[in-house]
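Dropping entry-v1.cif in here (mmCIF, C-alpha atoms):
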data_entry
#
loop_
_atom_site.label_atom_id
_atom_site.label_comp_id
_atom_site.auth_asym_id
_atom_site.auth_seq_id
_atom_site.Cartn_x
_atom_site.Cartn_y
_atom_site.Cartn_z
CA MET B 224 -12.65 232.19 -23.49
CA LYS B 225 -11.85 235.13 -25.75
CA ASP B 226 -14.92 237.07 -24.56
CA LEU B 227 -13.74 236.68 -20.98
CA LEU B 228 -10.21 237.76 -21.79
CA LYS B 229 -11.49 240.90 -23.48
CA SER B 230 -13.14 241.85 -20.18
CA VAL B 231 -9.72 242.40 -18.58
CA ALA B 232 -9.47 245.81 -16.87
CA CYS B 233 -13.12 246.72 -17.45
CA TRP B 234 -13.67 245.96 -13.76
CA ALA B 235 -11.31 248.76 -12.69
CA ALA B 236 -13.79 251.58 -13.02
CA PHE B 237 -16.41 249.51 -11.19
CA GLY B 238 -13.82 248.86 -8.47
CA VAL B 239 -13.07 252.55 -7.91
CA SER B 240 -16.80 253.31 -7.86
CA PHE B 241 -17.43 250.52 -5.35
CA LEU B 242 -14.50 251.71 -3.28
CA VAL B 243 -15.72 255.30 -2.95
CA ASN B 244 -19.43 254.51 -2.76
CA GLY B 245 -18.82 251.68 -0.28
CA GLY B 246 -18.05 254.11 2.50
CA LEU B 247 -14.27 254.31 2.36
CA MET B 248 -14.43 257.74 0.75
CA VAL B 249 -17.46 259.96 0.35
CA ALA B 250 -17.87 263.25 -1.45
CA GLY B 251 -16.34 266.10 0.53
CA GLN B 252 -14.55 263.85 3.03
CA VAL B 253 -11.03 264.60 1.78
CA PRO B 254 -10.56 268.19 0.57
CA ALA B 255 -8.23 268.81 -2.35
CA PRO B 256 -5.13 270.85 -1.54
CA ALA B 257 -5.12 274.54 -2.45
CA HIS B 258 -2.48 274.12 -5.15
CA ASN B 259 -3.38 270.75 -6.60
CA PRO B 260 -1.89 270.63 -10.13
CA LEU B 261 -4.36 267.92 -11.15
CA GLN B 262 -7.57 269.65 -10.09
CA ARG B 263 -10.26 270.06 -12.76
CA GLN B 264 -11.77 273.49 -13.42
CA TYR B 265 -14.99 273.04 -15.36
CA HIS B 266 -16.68 275.48 -17.74
CA GLU B 267 -20.25 274.68 -18.69
CA GLY B 268 -20.69 274.14 -22.42
CA GLU B 269 -17.04 273.26 -23.05
CA LYS B 270 -16.70 270.69 -25.85
CA LEU B 271 -14.14 267.88 -25.90
CA VAL B 272 -13.39 265.23 -28.52
CA TYR B 273 -11.16 262.24 -27.76
CA LYS B 274 -9.73 259.69 -30.18
CA MET B 275 -9.19 256.24 -28.67
CA ASN B 276 -6.93 253.54 -30.10
CA GLY B 277 -6.82 250.04 -28.71
CA VAL B 278 -4.91 246.80 -29.12
CA ASN B 279 -6.46 243.69 -27.54
CA GLU B 280 -4.16 240.76 -28.34
CA ALA B 281 -4.31 240.68 -32.17
CA TRP B 282 -7.29 243.02 -32.51
CA HIS B 283 -6.70 246.71 -33.37
CA TYR B 284 -9.52 249.23 -33.14
CA SER B 285 -10.23 252.95 -32.89
CA LEU B 286 -13.22 255.18 -32.13
CA GLU B 287 -14.18 258.68 -31.03
CA ALA B 288 -15.86 260.14 -27.96
CA ASP B 289 -17.54 263.54 -28.42
CA GLY B 290 -18.37 265.29 -25.17
CA VAL B 291 -19.76 268.45 -23.63
CA VAL B 292 -19.53 269.78 -20.07
CA THR B 293 -22.90 270.07 -18.35
CA LYS B 294 -24.04 271.07 -14.85
CA ASN B 295 -26.97 269.61 -12.95
CA GLY B 296 -29.38 271.44 -10.68
CA GLY B 297 -27.17 270.77 -7.67
CA GLY B 298 -24.19 272.49 -9.26
CA THR B 299 -22.21 269.32 -10.02
CA TYR B 300 -20.35 269.27 -13.33
CA TYR B 301 -20.28 266.30 -15.71
CA GLU B 302 -18.74 265.45 -19.04
CA GLU B 303 -21.29 263.70 -21.26
CA TYR B 304 -19.99 261.68 -24.22
CA ARG B 305 -21.40 259.90 -27.24
CA TRP B 306 -19.33 257.28 -29.11
CA SER B 307 -18.96 256.93 -32.88
CA ASN B 308 -16.66 256.22 -35.83
CA MET B 309 -15.44 252.82 -34.70
CA THR B 310 -12.97 250.91 -36.86
CA SER B 311 -11.80 247.32 -36.52
CA ASP B 312 -8.41 246.43 -38.01
CA GLY B 313 -8.65 249.54 -40.17
CA GLN B 314 -12.15 248.90 -41.48
CA PRO B 315 -15.34 250.76 -40.45
CA MET B 316 -17.37 248.82 -37.89
CA ALA B 317 -21.13 249.22 -37.58
CA LEU B 318 -22.51 249.83 -34.10
CA SER B 319 -25.96 248.96 -32.80
CA ALA B 320 -28.99 251.13 -33.51
CA GLU B 321 -29.08 252.10 -29.82
CA THR B 322 -25.55 253.52 -29.85
CA PRO B 323 -26.37 257.09 -31.04
CA ALA B 324 -28.73 257.54 -28.09
CA PHE B 325 -26.23 256.30 -25.49
CA ARG B 326 -24.49 258.96 -23.41
CA GLN B 327 -21.61 258.22 -21.06
CA ARG B 328 -21.59 260.61 -18.12
CA ILE B 329 -18.30 260.91 -16.22
CA THR B 330 -16.82 263.55 -13.96
CA LEU B 331 -13.72 264.81 -12.19
CA ASP B 332 -15.86 266.95 -9.87
CA LEU B 333 -14.82 265.98 -6.33
CA ASN B 334 -18.35 266.68 -5.08
CA GLN B 335 -19.58 263.65 -7.02
CA ASN B 336 -18.39 260.07 -6.62
CA PRO B 337 -17.71 258.27 -9.92
CA SER B 338 -20.27 255.66 -10.94
CA PRO B 339 -20.26 253.20 -13.84
CA PRO B 340 -22.65 253.73 -16.74
CA ASP B 341 -25.59 251.49 -17.49
CA VAL B 342 -24.17 249.35 -20.29
CA THR B 343 -27.11 246.94 -20.54
CA LYS B 344 -28.22 248.51 -23.81
CA VAL B 345 -24.79 249.38 -25.13
CA ASP B 346 -23.35 247.61 -28.15
CA PRO B 347 -21.11 244.88 -26.64
CA LYS B 348 -18.21 246.14 -28.76
CA LEU B 349 -18.35 249.42 -26.83
CA ILE B 350 -18.30 248.04 -23.29
CA GLY B 351 -14.50 247.68 -23.16
CA PRO B 352 -13.77 251.16 -24.54
CA VAL B 353 -16.44 252.77 -22.35
CA MET B 354 -15.02 251.20 -19.19
CA ASP B 355 -11.39 251.88 -20.15
CA PHE B 356 -12.31 255.54 -20.74
CA MET B 357 -13.90 255.68 -17.30
CA THR B 358 -10.84 254.03 -15.73
CA PHE B 359 -8.67 256.99 -16.77
CA TYR B 360 -11.16 259.36 -15.17
CA ALA B 361 -11.55 257.22 -12.05
CA ASP B 362 -7.77 257.09 -11.53
CA LEU B 363 -7.45 260.86 -11.87
CA TRP B 364 -10.49 261.43 -9.64
CA LEU B 365 -9.03 259.17 -6.93
CA ALA B 366 -5.63 260.90 -7.04
CA ASN B 367 -7.39 264.25 -6.69
CA LYS B 368 -9.62 263.02 -3.88
CA ILE B 369 -6.71 261.66 -1.85
CA GLY B 370 -4.91 264.97 -2.38
CA ALA B 371 -1.41 263.69 -1.58
CA LEU B 372 0.22 264.49 -4.95
CA THR B 373 1.14 268.15 -5.28
CA LYS B 374 4.66 268.22 -6.73
CA ALA B 375 6.81 266.13 -9.06
CA ASP B 376 7.84 262.72 -7.64
CA ASP B 377 5.18 262.74 -4.92
CA HIS B 378 4.05 259.14 -4.36
CA PHE B 379 1.12 257.48 -2.62
CA TYR B 380 0.29 253.78 -2.26
CA PHE B 381 -3.39 253.07 -1.71
CA ARG B 382 -4.18 249.64 -0.26
CA ASN B 383 -7.59 248.66 -1.50
CA PRO B 384 -9.61 247.20 1.41
CA MET B 385 -12.61 246.23 -0.73
CA PRO B 386 -13.44 242.73 -2.05
CA ALA B 387 -12.35 241.71 -5.54
CA SER B 388 -14.37 243.24 -8.36
CA SER B 389 -16.39 240.87 -10.53
CA TRP B 390 -17.52 240.89 -14.15
CA ALA B 391 -19.18 237.43 -14.01
CA ASP B 392 -22.69 237.16 -15.46
CA GLY B 393 -23.49 233.93 -13.62
CA THR B 394 -24.54 232.16 -16.80
CA ARG B 395 -21.59 231.85 -19.13
CA VAL B 396 -18.91 233.58 -17.10
CA LEU B 397 -19.24 231.83 -13.74
CA ILE B 398 -16.26 233.55 -12.11
CA GLY B 399 -14.53 236.68 -13.34
CA GLU B 400 -12.59 238.55 -10.70
CA SER B 401 -9.55 240.73 -10.22
CA ALA B 402 -8.12 242.54 -7.19
CA ILE B 403 -5.71 245.48 -7.22
CA ASP B 404 -4.03 248.16 -5.14
CA PHE B 405 -3.26 251.65 -6.49
CA ASP B 406 0.36 252.86 -6.68
CA MET B 407 0.24 256.55 -7.66
CA THR B 408 3.05 258.93 -8.60
CA LEU B 409 2.99 262.50 -9.87
CA LYS B 410 5.64 261.84 -12.49
CA ALA B 411 6.18 265.40 -13.69
CA VAL B 412 4.92 268.97 -13.47
CA ASP B 413 6.05 270.97 -16.51
CA ALA B 414 5.16 274.61 -16.02
CA ALA B 415 6.62 275.59 -19.40
CA ALA B 416 4.49 273.05 -21.27
CA GLY B 417 1.53 273.63 -18.97
CA THR B 418 1.12 269.94 -18.14
CA ALA B 419 1.26 267.50 -15.24
CA THR B 420 1.73 263.75 -15.67
CA LEU B 421 0.15 261.23 -13.31
CA VAL B 422 1.12 257.54 -13.30
CA VAL B 423 -1.21 255.06 -11.62
CA LYS B 424 -0.09 251.45 -11.38
CA HIS B 425 -2.78 248.88 -10.63
CA VAL B 426 -0.84 246.14 -8.86
CA PRO B 427 -1.61 242.83 -7.09
CA PRO B 428 -2.22 243.25 -3.34
CA GLU B 429 -0.09 241.33 -0.87
CA LYS B 430 -3.10 239.13 -0.10
CA SER B 431 -5.48 238.66 -2.99
CA SER B 432 -9.22 238.39 -2.36
CA VAL B 433 -10.16 236.68 -5.63
CA LYS B 434 -11.99 233.34 -5.49
CA LEU B 435 -9.71 230.47 -6.52
CA PRO B 436 -11.95 227.37 -6.61
CA GLY B 437 -9.31 224.96 -7.89
CA ASP B 438 -6.37 223.92 -5.71
CA TRP B 439 -4.08 224.24 -8.73
CA MET B 440 -4.99 227.94 -8.93
CA GLN B 441 -3.23 228.74 -5.65
CA LYS B 442 0.31 228.55 -7.05
CA PRO B 443 1.40 232.02 -8.23
CA VAL B 444 1.77 232.30 -11.98
CA GLY B 445 3.99 235.39 -11.66
CA ASP B 446 6.04 236.99 -8.90
CA ALA B 447 3.03 237.97 -6.77
CA PRO B 448 -0.15 236.26 -5.57
CA ASN B 449 -2.62 235.47 -8.34
CA ASN B 450 -5.07 238.37 -8.53
CA TRP B 451 -7.04 237.50 -11.70
CA VAL B 452 -9.31 234.51 -12.29
CA GLY B 453 -11.88 233.50 -14.87
CA VAL B 454 -14.10 230.44 -15.24
CA GLN B 455 -16.32 230.17 -18.30
CA LYS B 456 -18.85 227.46 -19.13
CA GLU B 457 -18.64 226.27 -22.72
CA GLN B 458 -21.46 225.02 -24.92
CA ASN B 459 -20.06 221.48 -24.92
CA GLY B 460 -20.36 221.28 -21.12
CA THR B 461 -16.68 221.80 -20.31
CA TYR B 462 -15.23 224.67 -18.31
CA THR B 463 -12.40 226.91 -19.41
CA ALA B 464 -10.54 228.11 -16.32
CA SER B 465 -7.76 230.68 -16.20
CA VAL B 466 -5.77 232.18 -13.38
CA GLY B 467 -2.88 234.57 -13.24
CA GLN B 468 -1.43 237.94 -12.44
CA GLU B 469 -2.84 241.14 -13.87
CA THR B 470 -1.28 244.57 -13.69
CA PHE B 471 -1.91 247.72 -15.62
CA THR B 472 -0.34 251.12 -15.72
CA ASP B 473 -2.19 254.31 -16.65
CA GLU B 474 -0.19 257.40 -17.54
CA ILE B 475 -2.36 260.50 -17.73
CA LYS B 476 -1.25 263.92 -18.99
CA VAL B 477 -3.32 266.77 -17.58
CA SER B 478 -3.57 270.47 -18.42
CA LEU B 479 -2.31 272.69 -15.60
CA ALA B 480 -4.69 275.39 -16.79
CA ASP B 481 -7.92 273.50 -16.10
CA GLY B 482 -7.12 269.89 -15.21
CA LYS B 483 -8.65 268.30 -18.30
CA ILE B 484 -7.08 265.13 -19.66
CA LEU B 485 -4.91 265.88 -22.69
CA SER B 486 -3.81 262.29 -23.33
CA ALA B 487 -3.56 258.98 -21.53
CA THR B 488 -2.16 255.50 -22.10
CA MET B 489 -2.92 252.13 -20.54
CA ASP B 490 -0.65 249.09 -20.63
CA ASN B 491 -2.52 246.02 -19.37
CA PRO B 492 -0.65 242.69 -19.36
CA VAL B 493 -1.99 239.49 -17.83
CA LYS B 494 0.30 236.51 -17.26
CA ALA B 495 -2.05 233.55 -17.02
CA ILE B 496 -2.42 229.82 -17.40
CA GLU B 497 -5.51 228.13 -18.82
CA ARG B 498 -6.95 224.62 -18.36
CA ILE B 499 -9.98 222.87 -19.84
CA CYS B 500 -11.92 221.10 -17.08
CA GLU B 501 -14.69 218.51 -17.08
CA ASP B 502 -16.32 219.65 -13.83
CA GLU B 503 -17.32 222.97 -12.29
CA ALA B 504 -15.19 222.21 -9.22
CA LEU B 505 -12.15 222.26 -11.55
CA THR B 506 -10.75 218.98 -10.25
CA LYS B 507 -10.68 217.08 -13.58
CA CYS B 508 -8.64 219.27 -15.86
CA GLY B 509 -6.30 218.97 -18.79
CA ASP B 510 -2.75 220.26 -18.89
CA ALA B 511 -2.12 223.91 -18.11
CA LYS B 512 -1.27 226.09 -21.09
CA PRO B 513 0.25 229.55 -20.81
CA HIS B 514 -1.97 232.38 -22.03
CA ASP B 515 -0.35 235.78 -21.80
CA ILE B 516 -2.64 238.67 -22.68
CA LEU B 517 -1.65 242.21 -23.60
CA ARG B 518 -3.94 245.18 -24.05
CA LYS B 519 -2.82 248.71 -24.91
CA ILE B 520 -5.16 251.69 -24.91
CA ASP B 521 -4.49 255.36 -25.64
CA ILE B 522 -6.69 258.42 -25.80
CA THR B 523 -5.84 261.87 -27.17
CA LEU B 524 -7.78 265.08 -26.92
CA VAL B 525 -8.18 266.21 -30.53
CA GLN B 526 -10.53 269.12 -29.94
#
Can you give me the file's structure in the form of structure tokens?
Amino acid sequence: MKDLLKSVACWAAFGVSFLVNGGLMVAGQVPAPAHNPLQRQYHEGEKLVYKMNGVNEAWHYSLEADGVVTKNGGGTYYEEYRWSNMTSDGQPMALSAETPAFRQRITLDLNQNPSPPDVTKVDPKLIGPVMDFMTFYADLWLANKIGALTKADDHFYFRNPMPASSWADGTRVLIGESAIDFDMTLKAVDAAAGTATLVVKHVPPEKSSVKLPGDWMQKPVGDAPNNWVGVQKEQNGTYTASVGQETFTDEIKVSLADGKILSATMDNPVKAIERICEDEALTKCGDAKPHDILRKIDITLVQ
């Protein structure tokens, strides 16, 4: 089950991409306000280096993303990153031979909808960091696209009308879903420091759209409807099933000069219960055991 638990929050960037590409928002549909403190101003050739630190339950890791701003033939700007220098619990961690060739392309350009990278050839250890990195960008892109946050304490609640996002592979992870709304606040605009701070809370919707195949999964684990579920088939033929409430809060500090991300943090708790079941229908299960998960991610622009 640990592999499944480490997938928590990776779906978020896919969810934002699905949301904007699914027709709810399209490039150019919602113009940014004239004095948007979060708006990105790109300069082709600009170089950026981010240091990421992560805590996933007991696992501590770090790595670097080295990027450069590029522009395609249509005039859309992108930031293109390569990942390196990964450590695990303080020790260097080797990455796959394909890693140096992998480039993650992300953007805050409002003329381009965000889209998830092709991670089929990415070292599995990088999938979580790559998707968490994109989540920060997707949150900031969405806040810019909506255009409702222009001064300190401005707030906007975005009810997500799309189906739950899935990370199931259909083979080992039979069900892996989470559903969230976006609760956005422009926490501060500090002209003296030249920064703006955006807080995006990913919260359970009033009515969750996740699939809950077992009757016992219907009872809320927390104080809101269950919005996170995972069912994994084990090698011994049993099924490990978990259900619970996931939230996460991203706090993103942005430069007022050009809108680039200076730093960001993610707090991602899941309050869940887990049962070992004999059947895929999850009707013959052992006792429920609590399994609370906590992930913390931070990135800092170091160059």
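Shortest atom-to-atom contact with Met275 (chain B) among B:Leu372, B:Ile522, B:Ala402, B:Ala415: B:Ile522, counting all atoms listed in the file.
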Next on the checklist: If we count only C-alpha atoms and set the cut-off at 8 Å, which residues sit around Leu318 (chain B), ignoring sequence neighbours fewer than 4 positions away in its own chain? Please answer as a VMD selection string.
Outcome noted: chain B and resid 309 322 346 348
Checklist entry - Which residues, written as a list in words, have at least one atom at most 7 Å from region 458-471 of chain B, with all atoms listed in the file counted and residues fewer than 4 positions away on the same chain left out? => result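 Those residues are Met224, Lys424, His425, Val426, Pro427, Met440, Val444, Gly445, Asn449, Asn450, Trp451, Val452, Gly453, Val454, Met489, Asp490, Asn491, Pro492, Val493, Lys494, Ala495, Ile496, Glu497, Arg498, Ile499, Cys500, Glu501, Asp502 and Glu503 of chain B.
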Next on the checklist: I'd like the contact shell of region 257-271 of chain B - 8 Å cut-off, only C-alpha atoms, skipping same-chain residues fewer than 6 positions apart - returned as a PyMOL selection string.
Outcome noted: chain B and resi 289-294+300+331-332+363+367+370+372-374+412+419+477-479+481-483+524-526
Expected selection from the PyMOL selection byres ((chain B and resi 276-279) around 9), given as an mmCIF file with C-alpha atoms, in the coordinates of the input:
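What ended up in out01.cif:
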data_model
loop_
_atom_site.group_PDB
_atom_site.id
_atom_site.type_symbol
_atom_site.label_atom_id
_atom_site.label_comp_id
_atom_site.auth_asym_id
_atom_site.auth_seq_id
_atom_site.Cartn_x
_atom_site.Cartn_y
_atom_site.Cartn_z
ATOM 1 C CA LYS B 229 -11.490 240.900 -23.480
ATOM 2 C CA LYS B 274 -9.730 259.690 -30.180
ATOM 3 C CA MET B 275 -9.190 256.240 -28.670
ATOM 4 C CA GLU B 280 -4.160 240.760 -28.340
ATOM 5 C CA ALA B 281 -4.310 240.680 -32.170
ATOM 6 C CA TRP B 282 -7.290 243.020 -32.510
ATOM 7 C CA HIS B 283 -6.700 246.710 -33.370
ATOM 8 C CA TYR B 284 -9.520 249.230 -33.140
ATOM 9 C CA SER B 285 -10.230 252.950 -32.890
ATOM 10 C CA LEU B 286 -13.220 255.180 -32.130
ATOM 11 C CA GLU B 287 -14.180 258.680 -31.030
ATOM 12 C CA PRO B 352 -13.770 251.160 -24.540
ATOM 13 C CA ILE B 516 -2.640 238.670 -22.680
ATOM 14 C CA LEU B 517 -1.650 242.210 -23.600
ATOM 15 C CA ARG B 518 -3.940 245.180 -24.050
ATOM 16 C CA LYS B 519 -2.820 248.710 -24.910
ATOM 17 C CA ILE B 520 -5.160 251.690 -24.910
ATOM 18 C CA ASP B 521 -4.490 255.360 -25.640
ATOM 19 C CA ILE B 522 -6.690 258.420 -25.800
ATOM 20 C CA THR B 523 -5.840 261.870 -27.170
#
Next on the checklist: One number please: CA of Thr472 (chain B) to CA of Val423 (chain B), in Å, one decimal.
Outcome noted: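 Computing it gives 5.8 Å between the two atoms.
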Next on the checklist: Calculated over only C-alpha atoms, which of the candidates B:Asp362, B:Asp406, B:Asp510, B:Glu400 has the smallest distance to Arg382 (chain B)?
Outcome noted: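 Smallest distance to Arg382 (chain B) is found for B:Asp406.
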Checklist entry - Rounded to one decimal in Å, what is the spacing between CA of Val342 (chain B) and CA of Leu397 (chain B)? => result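 Computing it gives 19.3 Å between the two atoms.
In this model, the gap between CA of Val272 (chain B) and CA of Gly298 (chain B) comes to 23.2 Å.
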Neighbourhood query: residues within 10 Å of (5.9, 259.8, -7.7), file coordinates, counting all atoms listed in the file; return as a PDB file with C-alpha atoms, in the coordinates of the input.
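Now in point_7.pdb:
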ATOM      1  CA  LEU B 372       0.220 264.490  -4.950  1.00  0.00           C
ATOM      2  CA  THR B 373       1.140 268.150  -5.280  1.00  0.00           C
ATOM      3  CA  LYS B 374       4.660 268.220  -6.730  1.00  0.00           C
ATOM      4  CA  ALA B 375       6.810 266.130  -9.060  1.00  0.00           C
ATOM      5  CA  ASP B 376       7.840 262.720  -7.640  1.00  0.00           C
ATOM      6  CA  ASP B 377       5.180 262.740  -4.920  1.00  0.00           C
ATOM      7  CA  HIS B 378       4.050 259.140  -4.360  1.00  0.00           C
ATOM      8  CA  PHE B 379       1.120 257.480  -2.620  1.00  0.00           C
ATOM      9  CA  TYR B 380       0.290 253.780  -2.260  1.00  0.00           C
ATOM     10  CA  ASP B 406       0.360 252.860  -6.680  1.00  0.00           C
ATOM     11  CA  MET B 407       0.240 256.550  -7.660  1.00  0.00           C
ATOM     12  CA  THR B 408       3.050 258.930  -8.600  1.00  0.00           C
ATOM     13  CA  LEU B 409       2.990 262.500  -9.870  1.00  0.00           C
ATOM     14  CA  LYS B 410       5.640 261.840 -12.490  1.00  0.00           C
ATOM     15  CA  ALA B 411       6.180 265.400 -13.690  1.00  0.00           C
ATOM     16  CA  THR B 420       1.730 263.750 -15.670  1.00  0.00           C
ATOM     17  CA  LEU B 421       0.150 261.230 -13.310  1.00  0.00           C
ATOM     18  CA  VAL B 422       1.120 257.540 -13.300  1.00  0.00           C
ATOM     19  CA  VAL B 423      -1.210 255.060 -11.620  1.00  0.00           C
TER      20      VAL B 423
END
Next on the checklist: Counting all atoms listed in the file, which residue out of B:Ala324, B:Asp515, B:Trp364, B:Trp390 sits closest to Asn336 (chain B)?
Outcome noted: B:Trp364
Next on the checklist: Using only C-alpha atoms, which protein or nucleic acid residues come within 9 Å of Lys344 (chain B)? Drop anything in the same chain fewer than 3 positions from it, and give the result as a VMD selection string.
Outcome noted: chain B and resid 321 to 322 325 341 347
Next on the checklist: Taking the file as I've supplied it (selection: the PyMOL selection byres ((chain B and resi 384) around 10)), which residues are included? Please answer as a PyMOL selection string.
Outcome noted: chain B and resi 242+247+381-383+385-387+402-404+428+432
Checklist entry - Using only C-alpha atoms, which residue out of B:Pro339, B:Gln455, B:Asp438, B:Met354 lies closest to Val396 (chain B)? => result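 Smallest separation from Val396 (chain B) among the options: B:Gln455.
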Next on the checklist: Just checking: using only C-alpha atoms, which residue out of B:Pro315, B:Pro443, B:Pro340, B:Gly437 ends up closest to Glu303 (chain B)?
Outcome noted: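 Checking each of B:Pro315, B:Pro443, B:Pro340, B:Gly437 against Glu303 (chain B), counting only C-alpha atoms, the winner is B:Pro340.
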